[in-house]
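This report concerns only the one structure given below.
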Amino acid sequence: MNNKKYITFIAFSAALGGLLFGYDTAVISGAIGNLTEYFHLTPIETGWAISSALVGCLIGALFSDYLSNRFGRKATMLITAILFILNSIGTALPISFTMFVLFRIVGGIGVGIASMVVPMYIAEIAPPKRRGALVGNYQLAIVIGIVAVYFVNYFIALQGDANWNLNIGWRWMFGSEIIPSVLFLVFIFLIPESPRWLFQKGKSTEAIGVLEKLNSPDDAIQVQTEIQNSLHQEDKNQWEQLKNPIFKKALLVGIGLSVLQQLTGINAILYYAPEIFKSLGSSTDVSLLETSILGVVNLIFTLLAIRFVDKMGRKPLLYIGSIGMTIALAAVGLFIYYNALGNWVLPFLLLFMASFSISWGPIVWVLLSEIFPNKIRSLALAISVFIQWVANFVVTQVFPSLVENQWLKTNFNGAFPFYLFSIICLISLLFVWKNVPETKNKSLEQMDTLWE
């Protein structure tokens, strides 16, 4: 197997963690109705069944830095695979709602850890000229996981009548996650540890062996030199390193990217898309079809982002995305405000999805995996991902209130959330222009001097 194919195999294997991220996040969408009826849940308990996974994500992100530094990137991914397997079994066979929630949190912990360690690992094994595309595969895997579980849920629901789905069907939906979870576990055994972590832990011989498999002989020597120079006289306490103004600036940019990715409104629109379409006059069947079209556009434009990220660079794609999202959401707000609905809203929501999927979806993960200097990478990435999950939780909780607020309904005719998200998308454009460096074709070791 040549270097290029070997690196692609490694990135694919790790990216299965992203597929499980998407799968675990979306699997509950097809099961929540029957789950609610089976356990006789109140509206608050139904909400907890969904959001409990986000609590697990926060916990996982919080401990991801310690695990990846203490045990290595590979071992940490093995831990996440085991958590995904436990989650699939526990949520398929709960004897009580409390047991179900506990295993949802276990799965969420796996997602939280994977969302930090997988893109970091891929970035650390990828050559600079292919890093953007390879890390972008992580976001692609998330999208594929979401789309795949929609079809899996639909197929399972067709296997029996309403009574079968109430008692058995939803269990199979959650249990189906064991298949990609076991695949992830098996593939992680077949890939090497990150050479950068191995050098960090003084395992130079093993690290050089990995580099020689990933690079040509000359490139392997160059990368080895860069890594060792970058780690020379490193202070092992990453928290102390963050006091350095240069490193602090890098962290703040990472946090800004994480928060703005969520404040574009993407998850509010993904989670509530069927309800948004129904509130705009679509029937239940049509709203599900329109939501499916959003998913297809998400997949297509994520593929385009992977194709262009290493050719065009990170910042141009973020500019394109921010401009497209700003225009799309402003237009949706205007149509809602003036009750000019009909067939006008869907094309602009598709424009929003296309703009996000070619930019702020995959490109933020690429940047978060690469912009931090070696000395603080794992800690800074863990902090950024943790805050990203906090922002996700806040947007998900606040969006329904913005939609239902009577004062906003009266004065903005329901358009306020879209105006707000549009303004934030414009702010995201300014943020990238002023603060985000271009990292195209730069090695991870060059990030040390990028911020100076």
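Every chain in the structure tokens has a letter given in the order shown (A, B, ...), and although residue numbers restart at 1 in each chain, ligands are simply numbered from 1 in the order shown.
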Considering only C-alpha atoms, return as an MDAnalysis selection string whatever protein or nucleic-acid residues lie within 10 Å of Glu212 in chain A, sequence-local ones (same chain, fewer than 5 positions apart) excluded. chainID A and resid 3 207 217:221 223:224
With C-alpha atoms retained, export the selected residues as a short mmCIF file (atom, residue, chain, number, x, y, z; two decimals), in the first residue's frame.
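Result written to out-v7.cif:
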data_model
loop_
_atom_site.label_atom_id
_atom_site.label_comp_id
_atom_site.auth_asym_id
_atom_site.auth_seq_id
_atom_site.Cartn_x
_atom_site.Cartn_y
_atom_site.Cartn_z
CA ASN A 3 1.75 6.36 1.23
CA ALA A 207 7.34 7.83 15.90
CA PRO A 217 12.12 9.28 3.10
CA ASP A 218 13.04 12.95 2.57
CA ASP A 219 9.68 14.22 3.79
CA ALA A 220 9.82 11.93 6.83
CA ILE A 221 13.15 13.46 7.88
CA VAL A 223 8.65 16.37 9.34
CA GLN A 224 10.66 14.70 12.11
#
Spatial neighbours of Phe199 in chain A, 9 Å, only C-alpha atoms, chain gap at least 6 places, as an mmCIF file with N, CA, C and O atoms, in the first residue's frame:
data_model
loop_
_atom_site.group_PDB
_atom_site.id
_atom_site.type_symbol
_atom_site.label_atom_id
_atom_site.label_comp_id
_atom_site.auth_asym_id
_atom_site.auth_seq_id
_atom_site.Cartn_x
_atom_site.Cartn_y
_atom_site.Cartn_z
ATOM 1 N N THR A 205 11.686 6.311 18.341
ATOM 2 C CA THR A 205 11.871 5.225 17.364
ATOM 3 C C THR A 205 10.538 4.826 16.739
ATOM 4 O O THR A 205 10.424 4.666 15.509
ATOM 5 N N GLU A 206 9.524 4.670 17.586
ATOM 6 C CA GLU A 206 8.189 4.309 17.102
ATOM 7 C C GLU A 206 7.616 5.430 16.233
ATOM 8 O O GLU A 206 6.996 5.173 15.195
ATOM 9 N N ALA A 207 7.847 6.676 16.649
ATOM 10 C CA ALA A 207 7.338 7.826 15.899
ATOM 11 C C ALA A 207 7.967 7.906 14.513
ATOM 12 O O ALA A 207 7.280 8.155 13.510
ATOM 13 N N ILE A 208 9.282 7.681 14.437
ATOM 14 C CA ILE A 208 9.981 7.726 13.145
ATOM 15 C C ILE A 208 9.457 6.624 12.226
ATOM 16 O O ILE A 208 9.275 6.828 11.021
ATOM 17 N N GLN A 224 10.064 15.053 10.817
ATOM 18 C CA GLN A 224 10.657 14.701 12.114
ATOM 19 C C GLN A 224 11.397 15.885 12.720
ATOM 20 O O GLN A 224 11.236 16.199 13.908
ATOM 21 N N ILE A 227 8.884 18.592 13.910
ATOM 22 C CA ILE A 227 8.178 18.211 15.142
ATOM 23 C C ILE A 227 9.103 18.340 16.345
ATOM 24 O O ILE A 227 8.730 18.914 17.375
ATOM 25 N N GLN A 228 10.321 17.821 16.221
ATOM 26 C CA GLN A 228 11.243 17.861 17.357
ATOM 27 C C GLN A 228 11.648 19.283 17.710
ATOM 28 O O GLN A 228 11.778 19.621 18.890
ATOM 29 N N LEU A 231 8.731 20.831 19.592
ATOM 30 C CA LEU A 231 8.532 20.324 20.949
ATOM 31 C C LEU A 231 9.730 20.597 21.854
ATOM 32 O O LEU A 231 9.678 20.327 23.048
#
Tell me, counting only C-alpha atoms, for each residue of range 30-76 of chain A within 12 Å of range 147-158 of chain A, which pair of atoms is nearest and how far apart they are in Å to one decimal, in rows ordered by chain and increasing number, as a tab-separated table.
residue	atom	partner	partner_atom	distance
A:Gly30	CA	A:Asn153	CA	5.7
A:Ala31	CA	A:Asn153	CA	7.8
A:Ile32	CA	A:Asn153	CA	11.2
A:Gly33	CA	A:Ala157	CA	11.9
A:Asn34	CA	A:Ala157	CA	10.6
- Task: One decimal, Å: what's the distance from CA of Gln388 in chain A over to CA of Ile82 in chain A, could you say?
- Result: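 Spanning CA of Gln388 in chain A to CA of Ile82 in chain A is a straight-line distance of 23.8 Å.
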With 8 Å as the cut-off and only C-alpha atoms counted, what is the closest atom pair between each nearby residue of range 83-202 of chain A and range 11-29 of chain A? Distances in Å to one decimal, ordered by chain and number, as a tab-separated table.
residue	atom	partner	partner_atom	distance
A:Phe84	CA	A:Leu20	CA	7.7
A:Gly107	CA	A:Asp24	CA	7.2
A:Gly108	CA	A:Asp24	CA	8.0
A:Val111	CA	A:Phe21	CA	5.3
A:Ala114	CA	A:Gly17	CA	6.0
A:Ser115	CA	A:Gly18	CA	7.2
A:Val118	CA	A:Ala14	CA	6.0
A:Pro119	CA	A:Ala15	CA	7.9
A:Tyr121	CA	A:Ala14	CA	7.8
A:Ile122	CA	A:Ala11	CA	5.7
A:Leu134	CA	A:Ala11	CA	6.3
A:Val135	CA	A:Ala11	CA	7.7
A:Asn137	CA	A:Ala15	CA	6.5
A:Tyr138	CA	A:Ala15	CA	4.9
A:Gln139	CA	A:Gly18	CA	6.7
A:Leu140	CA	A:Gly18	CA	7.9
A:Ala141	CA	A:Leu19	CA	4.4
A:Ile142	CA	A:Gly22	CA	4.3
A:Val143	CA	A:Gly22	CA	6.2
A:Ile144	CA	A:Leu19	CA	6.4
A:Gly145	CA	A:Leu19	CA	4.4
A:Ile146	CA	A:Gly22	CA	4.7
A:Ala148	CA	A:Tyr23	CA	7.3
A:Val149	CA	A:Tyr23	CA	5.7
A:Tyr150	CA	A:Val27	CA	7.2
A:Asn153	CA	A:Val27	CA	7.3
A:Met173	CA	A:Val27	CA	6.8
A:Phe174	CA	A:Val27	CA	6.6
A:Glu177	CA	A:Tyr23	CA	7.3
A:Pro180	CA	A:Leu20	CA	6.9
A:Ser181	CA	A:Leu20	CA	7.0
A:Phe184	CA	A:Leu16	CA	5.8
A:Phe187	CA	A:Ser13	CA	5.5
A:Ile188	CA	A:Ser13	CA	6.4
A:Ile191	CA	A:Ser13	CA	7.6
Could you please take those selected residues and save C-alpha atoms as an mmCIF file, in the first residue's frame?
data_model
loop_
_atom_site.group_PDB
_atom_site.id
_atom_site.type_symbol
_atom_site.label_atom_id
_atom_site.label_comp_id
_atom_site.auth_asym_id
_atom_site.auth_seq_id
_atom_site.Cartn_x
_atom_site.Cartn_y
_atom_site.Cartn_z
ATOM 1 C CA PHE A 84 -20.611 3.843 21.382
ATOM 2 C CA GLY A 107 -23.133 7.792 24.012
ATOM 3 C CA GLY A 108 -22.909 11.558 24.329
ATOM 4 C CA VAL A 111 -19.489 11.898 20.786
ATOM 5 C CA ALA A 114 -14.646 11.904 19.299
ATOM 6 C CA SER A 115 -15.456 15.471 18.252
ATOM 7 C CA VAL A 118 -10.741 12.426 15.654
ATOM 8 C CA PRO A 119 -10.108 15.661 13.704
ATOM 9 C CA TYR A 121 -5.636 12.790 14.941
ATOM 10 C CA ILE A 122 -6.381 13.115 11.215
ATOM 11 C CA LEU A 134 -8.705 14.614 4.915
ATOM 12 C CA VAL A 135 -9.994 16.479 7.979
ATOM 13 C CA ASN A 137 -13.867 13.885 5.633
ATOM 14 C CA TYR A 138 -14.746 14.052 9.329
ATOM 15 C CA GLN A 139 -17.600 16.502 8.634
ATOM 16 C CA LEU A 140 -18.589 14.437 5.592
ATOM 17 C CA ALA A 141 -18.790 11.350 7.804
ATOM 18 C CA ILE A 142 -21.049 13.220 10.246
ATOM 19 C CA VAL A 143 -23.404 14.142 7.410
ATOM 20 C CA ILE A 144 -23.365 10.579 6.036
ATOM 21 C CA GLY A 145 -24.133 9.245 9.528
ATOM 22 C CA ILE A 146 -27.159 11.535 9.811
ATOM 23 C CA ALA A 148 -27.813 6.925 6.853
ATOM 24 C CA VAL A 149 -29.709 6.706 10.132
ATOM 25 C CA TYR A 150 -32.737 8.418 8.589
ATOM 26 C CA ASN A 153 -34.980 4.245 10.914
ATOM 27 C CA MET A 173 -33.241 1.778 15.819
ATOM 28 C CA PHE A 174 -30.928 2.377 18.763
ATOM 29 C CA GLU A 177 -25.690 1.666 16.011
ATOM 30 C CA PRO A 180 -20.813 1.033 12.782
ATOM 31 C CA SER A 181 -19.530 1.052 16.393
ATOM 32 C CA PHE A 184 -14.958 1.688 14.203
ATOM 33 C CA PHE A 187 -10.500 -0.224 12.157
ATOM 34 C CA ILE A 188 -8.862 1.703 15.022
ATOM 35 C CA ILE A 191 -4.093 2.317 12.315
#
Residues at most 9 Å from Ile327 in chain A, counting only C-alpha atoms, excluding those fewer than 6 positions away in the same chain, as a PyMOL selection string?
-> chain A and resi 348+351-352+422
Would you export the selected residues with N, CA and C atoms as a PDB file, in the first residue's frame, please?
ATOM      1  N   PHE A 348     -34.302  29.524  -0.504  1.00  0.00           N
ATOM      2  CA  PHE A 348     -33.336  30.297   0.285  1.00  0.00           C
ATOM      3  C   PHE A 348     -32.822  29.503   1.486  1.00  0.00           C
ATOM      4  N   LEU A 351     -30.181  27.547  -0.074  1.00  0.00           N
ATOM      5  CA  LEU A 351     -28.998  28.389  -0.245  1.00  0.00           C
ATOM      6  C   LEU A 351     -28.238  28.488   1.070  1.00  0.00           C
ATOM      7  N   PHE A 352     -28.968  28.644   2.167  1.00  0.00           N
ATOM      8  CA  PHE A 352     -28.327  28.686   3.484  1.00  0.00           C
ATOM      9  C   PHE A 352     -27.571  27.386   3.746  1.00  0.00           C
ATOM     10  N   SER A 422     -29.022  36.006  10.596  1.00  0.00           N
ATOM     11  CA  SER A 422     -28.426  36.675   9.444  1.00  0.00           C
ATOM     12  C   SER A 422     -27.370  37.690   9.879  1.00  0.00           C
TER      13      SER A 422
END
Checklist line | Which residue of A:Gly90, A:Pro43, A:Gly60, A:Pro362 approaches Leu303 in chain A most closely, using only C-alpha atoms | finding: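 Once distances to Leu303 in chain A are computed over only C-alpha atoms, the minimum belongs to A:Pro362.
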Q | Residues near Leu402 in chain A, cut-off 9 Å, only C-alpha atoms, skip fewer than 6 positions along chain, as a list in words | A | Leu408, Lys409, Gly414, Phe416 and Pro417 of chain A
Go ahead and dump the residues you just picked, N, CA and C atoms, as a PDB file, in the first residue's frame.
ATOM      1  N   LEU A 408     -42.243  39.160  20.115  1.00  0.00           N
ATOM      2  CA  LEU A 408     -41.503  39.040  18.855  1.00  0.00           C
ATOM      3  C   LEU A 408     -42.426  38.653  17.707  1.00  0.00           C
ATOM      4  N   LYS A 409     -43.409  37.794  18.010  1.00  0.00           N
ATOM      5  CA  LYS A 409     -44.377  37.414  16.977  1.00  0.00           C
ATOM      6  C   LYS A 409     -45.141  38.628  16.478  1.00  0.00           C
ATOM      7  N   GLY A 414     -42.769  36.644  13.366  1.00  0.00           N
ATOM      8  CA  GLY A 414     -42.073  35.359  13.342  1.00  0.00           C
ATOM      9  C   GLY A 414     -40.734  35.382  12.624  1.00  0.00           C
ATOM     10  N   PHE A 416     -38.034  37.248  13.409  1.00  0.00           N
ATOM     11  CA  PHE A 416     -36.914  37.711  14.226  1.00  0.00           C
ATOM     12  C   PHE A 416     -35.736  36.733  14.281  1.00  0.00           C
ATOM     13  N   PRO A 417     -35.958  35.414  14.547  1.00  0.00           N
ATOM     14  CA  PRO A 417     -34.795  34.512  14.641  1.00  0.00           C
ATOM     15  C   PRO A 417     -33.945  34.519  13.371  1.00  0.00           C
TER      16      PRO A 417
END
*Can you pull out every residue within 12 Å of Gln241 in chain A, counting only C-alpha atoms, but drop anything in the same chain fewer than 5 positions away, and send it as a ChimeraX atom specification?*
/A:234-236,246-251,372-377,379-380
Atom pair CA of Ala75 in chain A / CA of Leu54 in chain A: separation (Å)
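Here the two named atoms are 23.1 Å from each other.
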Sorted by chain and rising residue number, which residues of range 126-179 of chain A lie within 6 Å of range 305-323 of chain A, and what are their closest atom pairs and distances in Å to one decimal, counting only C-alpha atoms, as a tab-separated table?
residue	atom	partner	partner_atom	distance
A:Gly132	CA	A:Asp310	CA	5.6
A:Ala133	CA	A:Ile306	CA	4.6
A:Gly136	CA	A:Ile306	CA	5.5
Between CA of Pro127 in chain A and CA of Ser194 in chain A lies a distance of 12.7 Å
Margin query: For a quick check of understanding, using only C-alpha atoms, which of A:Leu429, A:Ile95, A:Ile371, A:Ile300 has the smallest distance to Leu450 in chain A?
Written below: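 Of A:Leu429, A:Ile95, A:Ile371, A:Ile300, the one nearest Leu450 in chain A, counting only C-alpha atoms, is A:Ile371.
Nearest residue to Gln261 in chain A among A:Met116, A:Leu83, A:Val385, A:Ala53 is A:Val385, counting only C-alpha atoms.
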*asked:* Let me make sure I understand: among A:Tyr419, A:Phe9, A:Trp389, A:Trp170, which one has the smallest atom-to-atom distance to Leu35 in chain A if we use only C-alpha atoms?
replied: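 Once distances to Leu35 in chain A are computed over only C-alpha atoms, the minimum belongs to A:Trp170.
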Tell me, as a list in words, which residues lie within 12 Å of Phe431 in chain A, counting only C-alpha atoms; anything in the same chain fewer than 2 positions away does not count.
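So, after excluding close chain neighbours, the residues are Leu252, Val253, Gly254, Ile255, Gly256, Leu257, Ser258, Val259, Leu260, Gln261, Lys315, Leu318, Tyr319, Ser322, Ile424, Cys425, Leu426, Ile427, Ser428, Leu429, Trp433, Lys434, Asn435, Val436 and Pro437 of chain A.
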Let me see the file: selected residues, C-alpha atoms, as a PDB file, in the first residue's frame.
ATOM      1  CA  LEU A 252      -9.652  32.910  21.339  1.00  0.00           C
ATOM      2  CA  VAL A 253      -9.837  32.532  17.550  1.00  0.00           C
ATOM      3  CA  GLY A 254     -10.615  28.829  17.985  1.00  0.00           C
ATOM      4  CA  ILE A 255     -13.366  29.619  20.487  1.00  0.00           C
ATOM      5  CA  GLY A 256     -14.730  32.319  18.179  1.00  0.00           C
ATOM      6  CA  LEU A 257     -14.926  29.873  15.266  1.00  0.00           C
ATOM      7  CA  SER A 258     -16.661  27.284  17.464  1.00  0.00           C
ATOM      8  CA  VAL A 259     -19.265  29.681  18.809  1.00  0.00           C
ATOM      9  CA  LEU A 260     -19.987  31.370  15.476  1.00  0.00           C
ATOM     10  CA  GLN A 261     -20.424  27.982  13.777  1.00  0.00           C
ATOM     11  CA  LYS A 315     -10.633  31.761   4.294  1.00  0.00           C
ATOM     12  CA  LEU A 318     -15.548  30.893   4.812  1.00  0.00           C
ATOM     13  CA  TYR A 319     -16.123  34.235   3.055  1.00  0.00           C
ATOM     14  CA  SER A 322     -20.812  33.798   5.374  1.00  0.00           C
ATOM     15  CA  ILE A 424     -24.526  36.840  13.203  1.00  0.00           C
ATOM     16  CA  CYS A 425     -23.536  35.395   9.804  1.00  0.00           C
ATOM     17  CA  LEU A 426     -22.429  38.877   8.750  1.00  0.00           C
ATOM     18  CA  ILE A 427     -20.421  39.159  11.967  1.00  0.00           C
ATOM     19  CA  SER A 428     -18.816  35.797  11.130  1.00  0.00           C
ATOM     20  CA  LEU A 429     -17.555  37.288   7.855  1.00  0.00           C
ATOM     21  CA  TRP A 433     -11.424  38.747   7.818  1.00  0.00           C
ATOM     22  CA  LYS A 434      -9.914  40.319  10.944  1.00  0.00           C
ATOM     23  CA  ASN A 435      -8.779  37.319  12.991  1.00  0.00           C
ATOM     24  CA  VAL A 436      -8.409  34.033  11.130  1.00  0.00           C
ATOM     25  CA  PRO A 437      -5.058  33.251   9.446  1.00  0.00           C
TER      26      PRO A 437
END
